$ cat work_16.txt   # compact mmCIF, C-alpha atoms
# COMPACT_ATOMS: atom_id res chain seq x y z
CA LEU D 29 -215.84 149.94 -113.04
CA PRO D 30 -217.48 146.73 -111.86
CA ASN D 31 -219.62 144.99 -114.49
CA MET D 32 -218.74 147.57 -117.18
CA TYR D 33 -216.57 146.94 -120.21
CA GLU D 34 -214.79 149.44 -122.38
CA VAL D 35 -215.39 148.92 -126.08
CA SER D 36 -213.83 150.72 -129.05
CA ILE D 37 -216.12 151.04 -132.07
CA GLU D 38 -214.84 152.85 -135.17
CA GLY D 39 -212.53 155.04 -133.10
CA ARG D 40 -215.17 155.79 -130.48
CA VAL D 41 -214.83 154.53 -126.92
CA VAL D 42 -218.03 153.45 -125.16
CA TYR D 43 -218.87 151.41 -122.09
CA VAL D 44 -221.21 148.41 -122.03
CA SER D 45 -222.67 146.66 -119.01
CA ALA D 46 -221.70 143.02 -118.49
CA ASP D 47 -225.27 141.91 -119.19
CA GLY D 48 -225.34 143.91 -122.46
CA LYS D 49 -228.38 145.93 -121.41
CA TYR D 50 -226.70 149.30 -121.05
CA LEU D 51 -224.37 151.40 -123.16
CA LEU D 52 -222.71 154.55 -121.82
CA GLN D 53 -221.19 157.20 -124.06
CA GLY D 54 -218.95 159.89 -122.64
CA SER D 55 -215.80 160.27 -120.63
CA ILE D 56 -215.03 158.60 -117.34
CA TYR D 57 -212.85 160.66 -115.03
CA ASP D 58 -210.69 159.47 -112.17
CA ILE D 59 -211.53 162.37 -109.85
CA ALA D 60 -208.85 161.66 -107.26
CA ASN D 61 -206.05 161.59 -109.83
CA LYS D 62 -207.62 164.18 -112.18
CA VAL D 63 -207.28 161.89 -115.19
CA ASP D 64 -209.66 161.43 -118.11
CA LEU D 65 -209.53 157.64 -118.40
CA THR D 66 -211.52 157.60 -121.61
CA GLU D 67 -209.18 160.02 -123.35
CA ALA D 68 -206.25 157.76 -122.46
CA SER D 69 -208.04 154.88 -124.19
CA ARG D 70 -208.92 157.03 -127.19
CA SER D 71 -205.30 158.13 -127.52
CA LYS D 72 -204.09 154.55 -127.46
CA SER D 73 -206.58 153.58 -130.15
CA ARG D 74 -205.70 156.61 -132.30
CA LYS D 75 -201.97 155.88 -131.95
CA GLU D 76 -202.60 152.40 -133.36
CA VAL D 77 -204.63 153.83 -136.25
CA LEU D 78 -202.05 156.52 -137.03
CA GLY D 79 -199.30 153.89 -136.81
CA GLN D 80 -200.80 152.20 -139.86
CA ILE D 81 -199.77 155.14 -142.03
CA LYS D 82 -196.27 154.61 -143.33
CA ASP D 83 -196.27 157.17 -146.12
CA GLY D 84 -198.81 159.35 -147.83
CA TYR D 85 -198.23 162.49 -145.81
CA ILE D 86 -197.59 165.91 -147.25
CA VAL D 87 -195.01 167.23 -144.82
CA PHE D 88 -194.04 170.78 -143.88
CA GLY D 89 -191.30 170.87 -141.30
CA PRO D 90 -187.96 172.15 -140.16
CA THR D 91 -184.82 170.09 -140.74
CA ASN D 92 -184.67 168.83 -137.16
CA PRO D 93 -188.16 169.13 -135.67
CA LYS D 94 -188.65 169.05 -131.91
CA TYR D 95 -192.21 167.76 -132.39
CA SER D 96 -194.24 166.14 -135.11
CA ILE D 97 -198.00 166.39 -135.42
CA THR D 98 -200.46 164.74 -137.77
CA VAL D 99 -203.20 167.00 -139.09
CA PHE D 100 -206.30 165.69 -140.86
CA THR D 101 -207.22 168.52 -143.21
CA ASP D 102 -209.84 169.57 -145.74
CA ILE D 103 -208.90 171.99 -148.52
CA ASP D 104 -212.19 173.89 -148.07
CA CYS D 105 -212.06 174.18 -144.26
CA GLY D 106 -211.59 177.77 -143.06
CA TYR D 107 -209.63 176.86 -139.94
CA CYS D 108 -207.48 174.44 -141.96
CA ARG D 109 -206.62 177.34 -144.21
CA LYS D 110 -205.83 179.53 -141.22
CA LEU D 111 -203.53 176.83 -139.83
CA HIS D 112 -201.73 176.55 -143.15
CA GLU D 113 -201.33 180.33 -143.43
CA GLU D 114 -199.19 179.99 -140.29
CA ILE D 115 -197.22 176.93 -141.44
CA LYS D 116 -193.96 178.91 -141.32
CA ALA D 117 -194.63 179.83 -137.66
CA TYR D 118 -195.26 176.17 -136.77
CA ASN D 119 -192.02 175.17 -138.44
CA GLU D 120 -190.11 178.00 -136.74
CA ALA D 121 -191.52 176.74 -133.42
CA GLY D 122 -189.89 173.37 -134.16
CA ILE D 123 -193.13 171.65 -135.17
CA GLU D 124 -193.33 169.37 -138.19
CA VAL D 125 -196.83 169.25 -139.72
CA LYS D 126 -197.74 166.01 -141.46
CA TYR D 127 -200.96 166.44 -143.44
CA LEU D 128 -203.49 163.73 -144.19
CA PHE D 129 -206.65 164.41 -146.16
CA PHE D 130 -210.09 164.28 -144.61
CA PRO D 131 -212.56 165.76 -147.13
CA ARG D 132 -215.48 166.40 -144.78
CA ALA D 133 -218.07 166.17 -147.55
CA GLY D 134 -216.91 162.63 -148.26
CA LEU D 135 -215.59 160.61 -151.14
CA GLY D 136 -216.38 161.96 -154.58
CA SER D 137 -217.08 165.47 -153.25
CA PRO D 138 -215.55 168.68 -154.64
CA SER D 139 -213.25 168.74 -151.57
CA PHE D 140 -212.12 165.20 -152.43
CA ALA D 141 -211.36 166.30 -156.02
CA LYS D 142 -209.29 169.23 -154.70
CA ALA D 143 -207.36 166.90 -152.40
CA GLU D 144 -206.75 164.59 -155.34
CA ALA D 145 -205.49 167.50 -157.46
CA VAL D 146 -203.04 168.43 -154.68
CA TRP D 147 -201.87 164.84 -154.22
CA CYS D 148 -201.35 164.30 -157.96
CA ALA D 149 -199.48 167.59 -158.51
CA ALA D 150 -195.79 167.46 -159.36
CA ASP D 151 -195.07 169.71 -156.35
CA GLN D 152 -197.50 168.63 -153.62
CA ARG D 153 -196.33 171.22 -151.09
CA LYS D 154 -196.83 174.11 -153.52
CA ALA D 155 -200.17 172.69 -154.63
CA MET D 156 -201.27 172.39 -150.97
CA THR D 157 -200.25 175.97 -150.27
CA ASP D 158 -202.00 177.20 -153.41
CA ALA D 159 -205.19 175.23 -152.68
CA LYS D 160 -205.29 176.47 -149.09
CA ALA D 161 -204.99 180.04 -150.42
CA GLY D 162 -208.02 179.50 -152.66
CA VAL D 163 -206.03 179.10 -155.88
CA ASP D 164 -207.45 176.50 -158.24
CA VAL D 165 -205.05 173.60 -158.61
CA PRO D 166 -205.53 171.89 -161.99
CA ALA D 167 -207.68 168.79 -161.61
CA GLN D 168 -205.72 165.57 -161.93
CA GLN D 169 -206.28 161.94 -161.17
CA CYS D 170 -203.67 159.43 -160.11
CA THR D 171 -203.29 156.58 -157.68
CA ASN D 172 -203.68 158.25 -154.29
CA PRO D 173 -204.31 157.46 -150.60
CA ILE D 174 -207.11 159.99 -150.00
CA ALA D 175 -209.95 157.46 -149.57
CA GLU D 176 -207.74 155.41 -147.23
CA GLN D 177 -206.80 158.52 -145.23
CA TYR D 178 -210.47 159.49 -144.96
CA ALA D 179 -211.33 155.99 -143.65
CA LEU D 180 -208.42 156.12 -141.18
CA GLY D 181 -209.61 159.52 -139.99
CA GLN D 182 -213.04 158.05 -139.32
CA ARG D 183 -211.45 155.17 -137.39
CA ALA D 184 -209.44 157.72 -135.38
CA GLY D 185 -212.66 159.51 -134.48
CA VAL D 186 -212.13 162.60 -136.63
CA SER D 187 -215.38 164.52 -136.79
CA GLY D 188 -214.11 167.91 -137.92
CA THR D 189 -211.05 169.56 -139.38
CA PRO D 190 -208.39 170.42 -138.72
CA ALA D 191 -207.89 167.51 -136.35
CA ILE D 192 -204.44 167.65 -134.75
CA PHE D 193 -202.82 164.59 -133.17
CA THR D 194 -199.53 163.98 -131.38
CA THR D 195 -197.38 160.97 -132.18
CA ASP D 196 -198.92 159.36 -129.07
CA GLY D 197 -202.43 159.73 -130.50
CA GLU D 198 -203.54 162.53 -128.22
CA GLN D 199 -205.90 164.92 -129.95
CA LEU D 200 -204.89 168.54 -129.47
CA GLY D 201 -208.10 169.93 -130.90
CA GLY D 202 -208.63 171.92 -134.05
CA TYR D 203 -206.81 175.08 -135.02
CA VAL D 204 -204.30 176.18 -132.37
CA PRO D 205 -201.87 179.07 -132.99
CA ALA D 206 -198.23 178.00 -133.31
CA ALA D 207 -196.98 179.46 -130.01
CA GLN D 208 -199.84 177.90 -128.04
CA LEU D 209 -199.37 174.55 -129.76
CA ARG D 210 -195.65 174.57 -128.95
CA GLN D 211 -196.47 175.37 -125.32
CA ARG D 212 -198.96 172.50 -125.19
CA LEU D 213 -196.47 170.07 -126.76
CA ASP D 214 -193.81 171.18 -124.24
CA GLN D 215 -196.27 170.51 -121.40
CA LEU D 216 -197.11 167.04 -122.73
CA ALA D 217 -193.40 166.24 -123.08
CA THR D 218 -192.86 166.86 -119.36
CA LYS D 219 -195.56 164.40 -118.29
$ encode --input "work_16.txt" --output "C-alpha cells"
Amino acid sequence: LPNMYEVSIEGRVVYVSADGKYLLQGSIYDIANKVDLTEASRSKSRKEVLGQIKDGYIVFGPTNPKYSITVFTDIDCGYCRKLHEEIKAYNEAGIEVKYLFFPRAGLGSPSFAKAEAVWCAADQRKAMTDAKAGVDVPAQQCTNPIAEQYALGQRAGVSGTPAIFTTDGEQLGGYVPAAQLRQRLDQLATK
C-alpha cells in the first residue's frame, strides 16, 4: 500500500503511515487473489520465533510423524486438557505434538508452578498426562525453560491456549479434533 509500512511489534503486525500519524491494526486482504497478506507476515514472524527453540519441548508423537505441530499449553486450560485427552488420536493421525508452556496467568502463578512440576518430573510425559487429567504432580523446582517459553509465546502473538502452530508458523487456532487437524495439515501441504 502506498505510504504505509508494515511493522511487527511483539509478534503483532500493524501498519503505520509514512508520516507516522496513523496506525492501522487488522488484516489486509488481497481480494483478487483471496490472500490474507497480514497472516502471511504473521506466519513468517512466528516461524522465526519458533525457530529459536532448539529443545525444551515435551513431545508426544509417532515414530515417523507426517506432521509436527507446536502447541503452547496451560495445565489449567480446559481446551488444552481436551486436546491432550486425544493425544493418542493425534499421534495415530501421524501428528507429532510438541508442547511448550504458556501459563496464561503469568510467571509465578499456580499454573506456572504446575508447569514447573511437570518439567522437573523424572517422567515429563507421564507428569504432563497426569497434570492434564487433574492429578496433582508433586511440586518441584529445577532449571527450566518455562519463563522463556512464555516470553516466546508472547512474541509469537499467543493470546490464548491451546495455540497450535505449524512448522511454517501458521496458526491453526485453538483446540481442533485430530481428524480435522490432519485434514487441515493435508490441505496446507498441497499449497
$ atom_distance --input "work_16.txt" --atom1 "CA of Leu216 (chain D)" --atom2 "CA of Pro93 (chain D)"
15.9 Å
$ atom_distance --input "work_16.txt" --atom1 "CA of Leu213 (chain D)" --atom2 "CA of Thr189 (chain D)"
19.3 Å
$ residues_around --input "work_16.txt" --residues "region 29-46 of chain D" --least-positions-apart "6" --cutoff "10 Å" --atoms "all atoms listed in the file" --output "mmCIF file with C-alpha atoms, keeping the file's coordinate frame"
data_model
loop_
_atom_site.group_PDB
_atom_site.id
_atom_site.type_symbol
_atom_site.label_atom_id
_atom_site.label_comp_id
_atom_site.auth_asym_id
_atom_site.auth_seq_id
_atom_site.Cartn_x
_atom_site.Cartn_y
_atom_site.Cartn_z
ATOM 1 C CA LEU D 52 -222.710 154.550 -121.820
ATOM 2 C CA GLN D 53 -221.190 157.200 -124.060
ATOM 3 C CA GLY D 54 -218.950 159.890 -122.640
ATOM 4 C CA SER D 55 -215.800 160.270 -120.630
ATOM 5 C CA ILE D 56 -215.030 158.600 -117.340
ATOM 6 C CA THR D 66 -211.520 157.600 -121.610
ATOM 7 C CA GLU D 67 -209.180 160.020 -123.350
ATOM 8 C CA SER D 69 -208.040 154.880 -124.190
ATOM 9 C CA ARG D 70 -208.920 157.030 -127.190
ATOM 10 C CA SER D 71 -205.300 158.130 -127.520
ATOM 11 C CA SER D 73 -206.580 153.580 -130.150
ATOM 12 C CA ARG D 74 -205.700 156.610 -132.300
ATOM 13 C CA VAL D 77 -204.630 153.830 -136.250
ATOM 14 C CA ALA D 179 -211.330 155.990 -143.650
ATOM 15 C CA LEU D 180 -208.420 156.120 -141.180
ATOM 16 C CA GLY D 181 -209.610 159.520 -139.990
ATOM 17 C CA GLN D 182 -213.040 158.050 -139.320
ATOM 18 C CA ARG D 183 -211.450 155.170 -137.390
ATOM 19 C CA ALA D 184 -209.440 157.720 -135.380
ATOM 20 C CA GLY D 185 -212.660 159.510 -134.480
ATOM 21 C CA VAL D 186 -212.130 162.600 -136.630
#
$ residues_around --input "work_16.txt" --residues "region 160-177 of chain D" --least-positions-apart "3" --cutoff "9 Å" --atoms "only C-alpha atoms" --output "number ranges by chain"
D: 81, 84, 100, 102-106, 108-110, 112-113, 128-131, 134-135, 140-149, 155-157, 180-182
$ write_last_selection --input "work_16.txt" --atoms "C-alpha atoms" --output "short mmCIF file (atom, residue, chain, number, x, y, z; two decimals), in the coordinates of the input"
data_model
loop_
_atom_site.label_atom_id
_atom_site.label_comp_id
_atom_site.auth_asym_id
_atom_site.auth_seq_id
_atom_site.Cartn_x
_atom_site.Cartn_y
_atom_site.Cartn_z
CA ILE D 81 -199.77 155.14 -142.03
CA GLY D 84 -198.81 159.35 -147.83
CA PHE D 100 -206.30 165.69 -140.86
CA ASP D 102 -209.84 169.57 -145.74
CA ILE D 103 -208.90 171.99 -148.52
CA ASP D 104 -212.19 173.89 -148.07
CA CYS D 105 -212.06 174.18 -144.26
CA GLY D 106 -211.59 177.77 -143.06
CA CYS D 108 -207.48 174.44 -141.96
CA ARG D 109 -206.62 177.34 -144.21
CA LYS D 110 -205.83 179.53 -141.22
CA HIS D 112 -201.73 176.55 -143.15
CA GLU D 113 -201.33 180.33 -143.43
CA LEU D 128 -203.49 163.73 -144.19
CA PHE D 129 -206.65 164.41 -146.16
CA PHE D 130 -210.09 164.28 -144.61
CA PRO D 131 -212.56 165.76 -147.13
CA GLY D 134 -216.91 162.63 -148.26
CA LEU D 135 -215.59 160.61 -151.14
CA PHE D 140 -212.12 165.20 -152.43
CA ALA D 141 -211.36 166.30 -156.02
CA LYS D 142 -209.29 169.23 -154.70
CA ALA D 143 -207.36 166.90 -152.40
CA GLU D 144 -206.75 164.59 -155.34
CA ALA D 145 -205.49 167.50 -157.46
CA VAL D 146 -203.04 168.43 -154.68
CA TRP D 147 -201.87 164.84 -154.22
CA CYS D 148 -201.35 164.30 -157.96
CA ALA D 149 -199.48 167.59 -158.51
CA ALA D 155 -200.17 172.69 -154.63
CA MET D 156 -201.27 172.39 -150.97
CA THR D 157 -200.25 175.97 -150.27
CA LEU D 180 -208.42 156.12 -141.18
CA GLY D 181 -209.61 159.52 -139.99
CA GLN D 182 -213.04 158.05 -139.32
#
$ residues_around --input "work_16.txt" --residues "Arg210 (chain D)" --least-positions-apart "4" --cutoff "7 Å" --atoms "all atoms listed in the file" --output "PyMOL selection string"
chain D and resi 121+206+214
$ atom_distance --input "work_16.txt" --atom1 "CA of Tyr95 (chain D)" --atom2 "CA of Tyr127 (chain D)"
14.2 Å
$ residues_around --input "work_16.txt" --residues "Thr98 (chain D)" --least-positions-apart "5" --cutoff "8 Å" --atoms "only C-alpha atoms" --output "number ranges by chain"
D: 125-128, 192-195
$ build_atoms --input "work_16.txt" --residues "region 53-65 of chain D" --atoms "N, CA, C and O atoms" --output "PDB file, in the coordinates of the input"
ATOM      1  N   GLN D  53    -222.086 156.399-123.249  1.00  0.00           N
ATOM      2  CA  GLN D  53    -221.190 157.200-124.060  1.00  0.00           C
ATOM      3  C   GLN D  53    -220.736 158.385-123.228  1.00  0.00           C
ATOM      4  O   GLN D  53    -221.519 158.954-122.480  1.00  0.00           O
ATOM      5  N   GLY D  54    -219.483 158.748-123.382  1.00  0.00           N
ATOM      6  CA  GLY D  54    -218.950 159.890-122.640  1.00  0.00           C
ATOM      7  C   GLY D  54    -217.657 159.520-121.966  1.00  0.00           C
ATOM      8  O   GLY D  54    -217.171 158.398-122.067  1.00  0.00           O
ATOM      9  N   SER D  55    -217.086 160.472-121.285  1.00  0.00           N
ATOM     10  CA  SER D  55    -215.800 160.270-120.630  1.00  0.00           C
ATOM     11  C   SER D  55    -215.978 159.850-119.177  1.00  0.00           C
ATOM     12  O   SER D  55    -216.879 160.324-118.493  1.00  0.00           O
ATOM     13  N   ILE D  56    -215.093 158.991-118.745  1.00  0.00           N
ATOM     14  CA  ILE D  56    -215.030 158.600-117.340  1.00  0.00           C
ATOM     15  C   ILE D  56    -213.774 159.233-116.759  1.00  0.00           C
ATOM     16  O   ILE D  56    -212.681 159.078-117.314  1.00  0.00           O
ATOM     17  N   TYR D  57    -213.957 159.965-115.673  1.00  0.00           N
ATOM     18  CA  TYR D  57    -212.850 160.660-115.030  1.00  0.00           C
ATOM     19  C   TYR D  57    -212.499 160.002-113.708  1.00  0.00           C
ATOM     20  O   TYR D  57    -213.375 159.644-112.929  1.00  0.00           O
ATOM     21  N   ASP D  58    -211.200 159.879-113.468  1.00  0.00           N
ATOM     22  CA  ASP D  58    -210.690 159.470-112.170  1.00  0.00           C
ATOM     23  C   ASP D  58    -210.536 160.793-111.404  1.00  0.00           C
ATOM     24  O   ASP D  58    -209.590 161.553-111.631  1.00  0.00           O
ATOM     25  N   ILE D  59    -211.490 161.077-110.534  1.00  0.00           N
ATOM     26  CA  ILE D  59    -211.530 162.370-109.850  1.00  0.00           C
ATOM     27  C   ILE D  59    -210.319 162.560-108.939  1.00  0.00           C
ATOM     28  O   ILE D  59    -209.703 163.623-108.929  1.00  0.00           O
ATOM     29  N   ALA D  60    -209.960 161.532-108.206  1.00  0.00           N
ATOM     30  CA  ALA D  60    -208.850 161.660-107.260  1.00  0.00           C
ATOM     31  C   ALA D  60    -207.543 161.994-107.960  1.00  0.00           C
ATOM     32  O   ALA D  60    -206.760 162.810-107.471  1.00  0.00           O
ATOM     33  N   ASN D  61    -207.308 161.375-109.120  1.00  0.00           N
ATOM     34  CA  ASN D  61    -206.050 161.590-109.830  1.00  0.00           C
ATOM     35  C   ASN D  61    -206.167 162.623-110.958  1.00  0.00           C
ATOM     36  O   ASN D  61    -205.190 162.875-111.662  1.00  0.00           O
ATOM     37  N   LYS D  62    -207.375 163.173-111.146  1.00  0.00           N
ATOM     38  CA  LYS D  62    -207.620 164.180-112.180  1.00  0.00           C
ATOM     39  C   LYS D  62    -207.177 163.694-113.560  1.00  0.00           C
ATOM     40  O   LYS D  62    -206.444 164.377-114.281  1.00  0.00           O
ATOM     41  N   VAL D  63    -207.653 162.496-113.913  1.00  0.00           N
ATOM     42  CA  VAL D  63    -207.280 161.890-115.190  1.00  0.00           C
ATOM     43  C   VAL D  63    -208.537 161.493-115.949  1.00  0.00           C
ATOM     44  O   VAL D  63    -209.449 160.881-115.385  1.00  0.00           O
ATOM     45  N   ASP D  64    -208.576 161.844-117.222  1.00  0.00           N
ATOM     46  CA  ASP D  64    -209.660 161.430-118.110  1.00  0.00           C
ATOM     47  C   ASP D  64    -209.281 160.033-118.626  1.00  0.00           C
ATOM     48  O   ASP D  64    -208.458 159.899-119.530  1.00  0.00           O
ATOM     49  N   LEU D  65    -209.861 159.011-118.044  1.00  0.00           N
ATOM     50  CA  LEU D  65    -209.530 157.640-118.400  1.00  0.00           C
ATOM     51  C   LEU D  65    -209.940 157.305-119.831  1.00  0.00           C
ATOM     52  O   LEU D  65    -209.271 156.544-120.523  1.00  0.00           O
TER      53      LEU D  65
END
